[in-house]
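A.B. asks: Structure file structure-v9.pdb (PDB, C-alpha atoms) right here:
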```
ATOM      1  CA  MET A 437      18.419  -6.062   0.192
ATOM      2  CA  ARG A 438      16.382  -8.720   1.916
ATOM      3  CA  ASN A 439      12.846  -9.431   0.763
ATOM      4  CA  THR A 440      11.078  -8.850   4.059
ATOM      5  CA  PHE A 441       7.919  -6.966   4.915
ATOM      6  CA  LYS A 442       8.318  -5.360   8.321
ATOM      7  CA  LYS A 443       5.680  -3.720  10.454
ATOM      8  CA  ALA A 444       7.386  -0.366   9.817
ATOM      9  CA  GLU A 445       6.510  -0.759   6.125
ATOM     10  CA  ARG A 446       2.768  -0.804   6.813
ATOM     11  CA  LEU A 447       0.937   2.484   6.602
ATOM     12  CA  SER A 448      -1.077   2.646   9.806
ATOM     13  CA  LYS A 449      -0.926   6.205  11.181
ATOM     14  CA  LYS A 450      -4.305   7.839  10.763
ATOM     15  CA  LYS A 451      -2.725  11.233  10.074
ATOM     16  CA  HIS A 452      -0.543   9.842   7.277
ATOM     17  CA  ILE A 453      -3.473   7.968   5.706
ATOM     18  CA  GLN A 454      -5.570  11.149   5.784
ATOM     19  CA  GLU A 455      -2.751  13.129   4.125
ATOM     20  CA  LEU A 456      -2.324  10.445   1.458
ATOM     21  CA  PHE A 457      -6.011  10.516   0.505
ATOM     22  CA  ASN A 458      -6.250  14.328   0.672
ATOM     23  CA  ARG A 459      -3.015  15.406  -1.043
ATOM     24  CA  GLY A 460      -1.737  12.293  -2.818
ATOM     25  CA  SER A 461      -1.591  11.732  -6.554
ATOM     26  CA  SER A 462      -3.250   8.721  -8.086
ATOM     27  CA  PHE A 463      -3.454   6.592 -11.189
ATOM     28  CA  TYR A 464      -5.597   3.665 -12.222
ATOM     29  CA  LEU A 465      -4.129   0.478 -13.633
ATOM     30  CA  TYR A 466      -6.701  -2.285 -13.732
ATOM     31  CA  PRO A 467      -7.471  -3.816 -11.224
ATOM     32  CA  PHE A 468      -5.756  -1.310  -8.908
ATOM     33  CA  LYS A 469      -6.232   2.307  -8.067
ATOM     34  CA  THR A 470      -2.919   3.491  -6.645
ATOM     35  CA  LEU A 471      -2.438   6.601  -4.545
ATOM     36  CA  PHE A 472       1.012   7.859  -3.622
ATOM     37  CA  LEU A 473       2.566  10.746  -1.742
ATOM     38  CA  PRO A 474       6.273  11.482  -1.193
ATOM     39  CA  SER A 475       6.828  11.080   2.532
ATOM     40  CA  ALA A 476       9.303  13.990   2.581
ATOM     41  CA  GLU A 477       6.233  16.230   2.813
ATOM     42  CA  LEU A 478       5.383  14.760   6.233
ATOM     43  CA  ASP A 479       6.813  15.793   9.606
ATOM     44  CA  PRO A 480       8.527  12.596  10.793
ATOM     45  CA  ALA A 481       9.531  11.100   7.435
ATOM     46  CA  PRO A 482       9.529   7.285   7.640
ATOM     47  CA  GLU A 483      12.677   5.347   6.767
ATOM     48  CA  PHE A 484      10.808   2.851   4.537
ATOM     49  CA  HIS A 485       8.195   3.071   1.816
ATOM     50  CA  GLN A 486       4.891   2.548   3.604
ATOM     51  CA  ILE A 487       1.957   0.803   1.959
ATOM     52  CA  LEU A 488      -1.731   0.323   2.627
ATOM     53  CA  ILE A 489      -3.735  -2.409   0.905
ATOM     54  CA  SER A 490      -7.503  -2.209   0.593
ATOM     55  CA  VAL A 491      -9.941  -4.738  -0.855
ATOM     56  CA  PRO A 492     -13.583  -3.570  -0.708
ATOM     57  CA  LYS A 493     -16.238  -5.638   1.004
ATOM     58  CA  ARG A 494     -18.710  -4.537  -1.680
ATOM     59  CA  ASN A 495     -16.914  -6.651  -4.293
ATOM     60  CA  PHE A 496     -15.762  -9.551  -2.103
ATOM     61  CA  LYS A 497     -18.335 -10.432   0.548
ATOM     62  CA  ARG A 498     -16.399 -13.272   2.164
ATOM     63  CA  ALA A 499     -13.510 -12.217   4.402
ATOM     64  CA  VAL A 500     -11.570 -15.286   3.257
ATOM     65  CA  ASP A 501     -11.535 -13.965  -0.309
ATOM     66  CA  ARG A 502     -10.532 -10.438   0.756
ATOM     67  CA  ASN A 503      -7.730 -11.744   2.952
ATOM     68  CA  LEU A 504      -6.428 -14.002   0.168
ATOM     69  CA  LEU A 505      -6.227 -11.032  -2.220
ATOM     70  CA  LYS A 506      -4.487  -8.894   0.414
ATOM     71  CA  ARG A 507      -1.952 -11.646   1.109
ATOM     72  CA  ARG A 508      -1.201 -12.015  -2.604
ATOM     73  CA  ILE A 509      -0.835  -8.251  -3.107
ATOM     74  CA  ARG A 510       1.442  -8.010  -0.060
ATOM     75  CA  GLU A 511       3.583 -10.886  -1.337
ATOM     76  CA  ALA A 512       3.861  -9.334  -4.814
ATOM     77  CA  TYR A 513       4.954  -6.045  -3.225
ATOM     78  CA  ARG A 514       7.453  -7.828  -0.976
ATOM     79  CA  LEU A 515       9.098  -9.594  -3.899
ATOM     80  CA  ASN A 516       9.246  -6.494  -6.120
ATOM     81  CA  LYS A 517       9.926  -3.689  -3.647
ATOM     82  CA  SER A 518      13.591  -3.677  -4.640
ATOM     83  CA  LEU A 519      12.475  -1.803  -7.776
ATOM     84  CA  LEU A 520      11.512   1.146  -5.527
ATOM     85  CA  ALA A 521      14.637   0.990  -3.342
ATOM     86  CA  ASP A 522      16.512   3.941  -4.859
ATOM     87  CA  SER A 523      13.623   6.386  -5.106
ATOM     88  CA  GLU A 524      12.538   8.763  -2.370
ATOM     89  CA  LYS A 525      10.344   7.251   0.337
ATOM     90  CA  LEU A 526       6.649   7.102  -0.548
ATOM     91  CA  LEU A 527       3.327   6.481   1.115
ATOM     92  CA  ILE A 528       1.405   4.154  -1.190
ATOM     93  CA  ALA A 529      -2.173   2.857  -1.136
ATOM     94  CA  TYR A 530      -3.230  -0.037  -3.351
ATOM     95  CA  ILE A 531      -6.999  -0.224  -3.712
ATOM     96  CA  TYR A 532      -8.255  -3.362  -5.477
ATOM     97  CA  THR A 533     -11.326  -2.614  -7.587
TER      98      THR A 533
END
```
Can I see the file as structure tokens?

C.D. replies:
Amino acid sequence: MRNTFKKAERLSKKKHIQELFNRGSSFYLYPFKTLFLPSAELDPAPEFHQILISVPKRNFKRAVDRNLLKRRIREAYRLNKSLLADSEKLLIAYIYT
């Protein structure tokens, strides 16, 4: 498996994001709150795991700092996503606290 991060792996559909926050399960592992939902529960199930990364403006006022954290989180996911390869497809939100 190649270590790429395609556009199809980004969670961007408003309906899917709403479902993730309404029906998804979550856990907290400092400094992340992680929400996840098996995508089999959705109508058109995506072929990849889809992720959303959020860094709050309240904690990091400068956009440069927020973008740096998002880039680092995205890169860490990209390099380690092979660990999720065999599981069912998930919608995942990483919220940096």

A.B. asks: Can you list what the PyMOL selection byres ((chain A and resi 441) around 9) grabs from this structure, as a PyMOL selection string?

C.D. replies: chain A and resi 439-440+442-446+510-511+513-514

A.B. asks: What's around stretch 520-523 of chain A at 12 Å? Count only C-alpha atoms, leave out sequence neighbours fewer than 6 positions away in its own chain, and write the answer as a compact mmCIF listing (two decimals) with C-alpha atoms, keeping the file's coordinate frame.

C.D. replies:
```txt
# COMPACT_ATOMS: atom_id res chain seq x y z
CA MET A 437 18.42 -6.06 0.19
CA ARG A 438 16.38 -8.72 1.92
CA ASN A 439 12.85 -9.43 0.76
CA PRO A 474 6.27 11.48 -1.19
CA SER A 475 6.83 11.08 2.53
CA ALA A 476 9.30 13.99 2.58
CA GLU A 483 12.68 5.35 6.77
CA PHE A 484 10.81 2.85 4.54
CA HIS A 485 8.20 3.07 1.82
CA GLN A 486 4.89 2.55 3.60
CA TYR A 513 4.95 -6.04 -3.22
CA ARG A 514 7.45 -7.83 -0.98
```

A.B. asks: Which residues, written as a list of chain:residue names, have at least one atom at most 12 Å from A:Phe468, with all atoms listed in the file counted and residues fewer than 5 positions away on the same chain left out?

C.D. replies: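 In the requested form, the answer reads A:Ser462, A:Phe463, A:Ile489, A:Ser490, A:Val491, A:Pro492, A:Leu505, A:Ile509, A:Ile528, A:Ala529, A:Tyr530, A:Ile531, A:Tyr532, A:Thr533.
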
A.B. asks: Can you work out which one of A:Lys469, A:Phe496, A:His452, A:Arg508 has the shortest atom-to-atom distance to A:Leu526, counting only C-alpha atoms?

C.D. replies: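 Looking only at the distances to A:Leu526, the closest residue turns out to be A:His452.
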
A.B. asks: For atom CA of A:Leu456 and atom CA of A:Arg498, determine how far apart the two atoms are, in Å to one decimal place.

C.D. replies: 27.6 Å

A.B. asks: Any chance you could work out the residue set of the PyMOL selection byres ((chain A and resi 458-461) around 6) here, as a list in words?

C.D. replies: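 This file gives the following for the PyMOL selection byres ((chain A and resi 458-461) around 6): Glu455, Leu456, Phe457, Ser462, Leu471, Phe472 and Leu473 of chain A.
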
A.B. asks: So, counting all atoms listed in the file, which residue among A:Lys497, A:Leu488, A:Leu504, A:Lys525 is closest to A:Lys450?

C.D. replies: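 Nearest to A:Lys450: A:Leu488.
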
A.B. asks: When you count all atoms listed in the file, which of these residues is closest to A:Asp479: A:Val500, A:Lys451, A:Lys517, A:Arg507?

C.D. replies: A:Lys451

A.B. asks: Between atom CA of A:Thr470 and atom CA of A:Leu527, what distance in Å does the model show, to one decimal?

C.D. replies: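 The value is 10.4 Å.
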
A.B. asks: By how many Å are atom CA of A:Asn516 and atom CA of A:Tyr464 apart?

C.D. replies: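 Going from atom CA of A:Asn516 over to atom CA of A:Tyr464 covers 19.0 Å.
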